[in-house]
Amino acid sequence: MKARDIRRREAGDLEQEVSRLRGEIFQKRFHGHNEDKGDRGVIRRSRRDVARILTVLRERQQAATAGKAR
């Protein structure tokens, strides 16, 4: 997921996506993802997507706070 795609989405949608991705990470780790011979980069990509989304949400929060302070 690209940062520009994340920025186009609404905050509520992004929070749901974070929740979904965290659940996916948990499931992959809980069910022994390493035993699966499939795609081993799923956890890494999911963690990075969560970080990107949280970064965009934090930027929006800071911009809103800065706008109120003026």
# chains A, B, ... in the order shown; residues from 1 in each chain; ligands from 1
>>> residues_around(residues="segment 44-53 of chain A", least_positions_apart="3", cutoff="8 Å", atoms="only C-alpha atoms", output="PyMOL selection string")
chain A and resi 1+3+6+14+18+21-22+24-25+41+56-57
>>> atom_distance(atom1="atom CA of Thr65 of chain A", atom2="atom CA of Gly12 of chain A")
18.1 Å
>>> select_by_dssp(residues="chain A", states="alpha helix (DSSP H)", output="PyMOL selection string")
chain A and resi 3-7+11-30+42-69
>>> atom_distance(atom1="atom CA of Ala69 of chain A", atom2="atom CA of Glu15 of chain A")
25.2 Å
>>> closest_residue(among="A:Ala11, A:Gln61, A:Asp5, A:Ile43", to="Gly23 of chain A", atoms="only C-alpha atoms")
A:Ile43
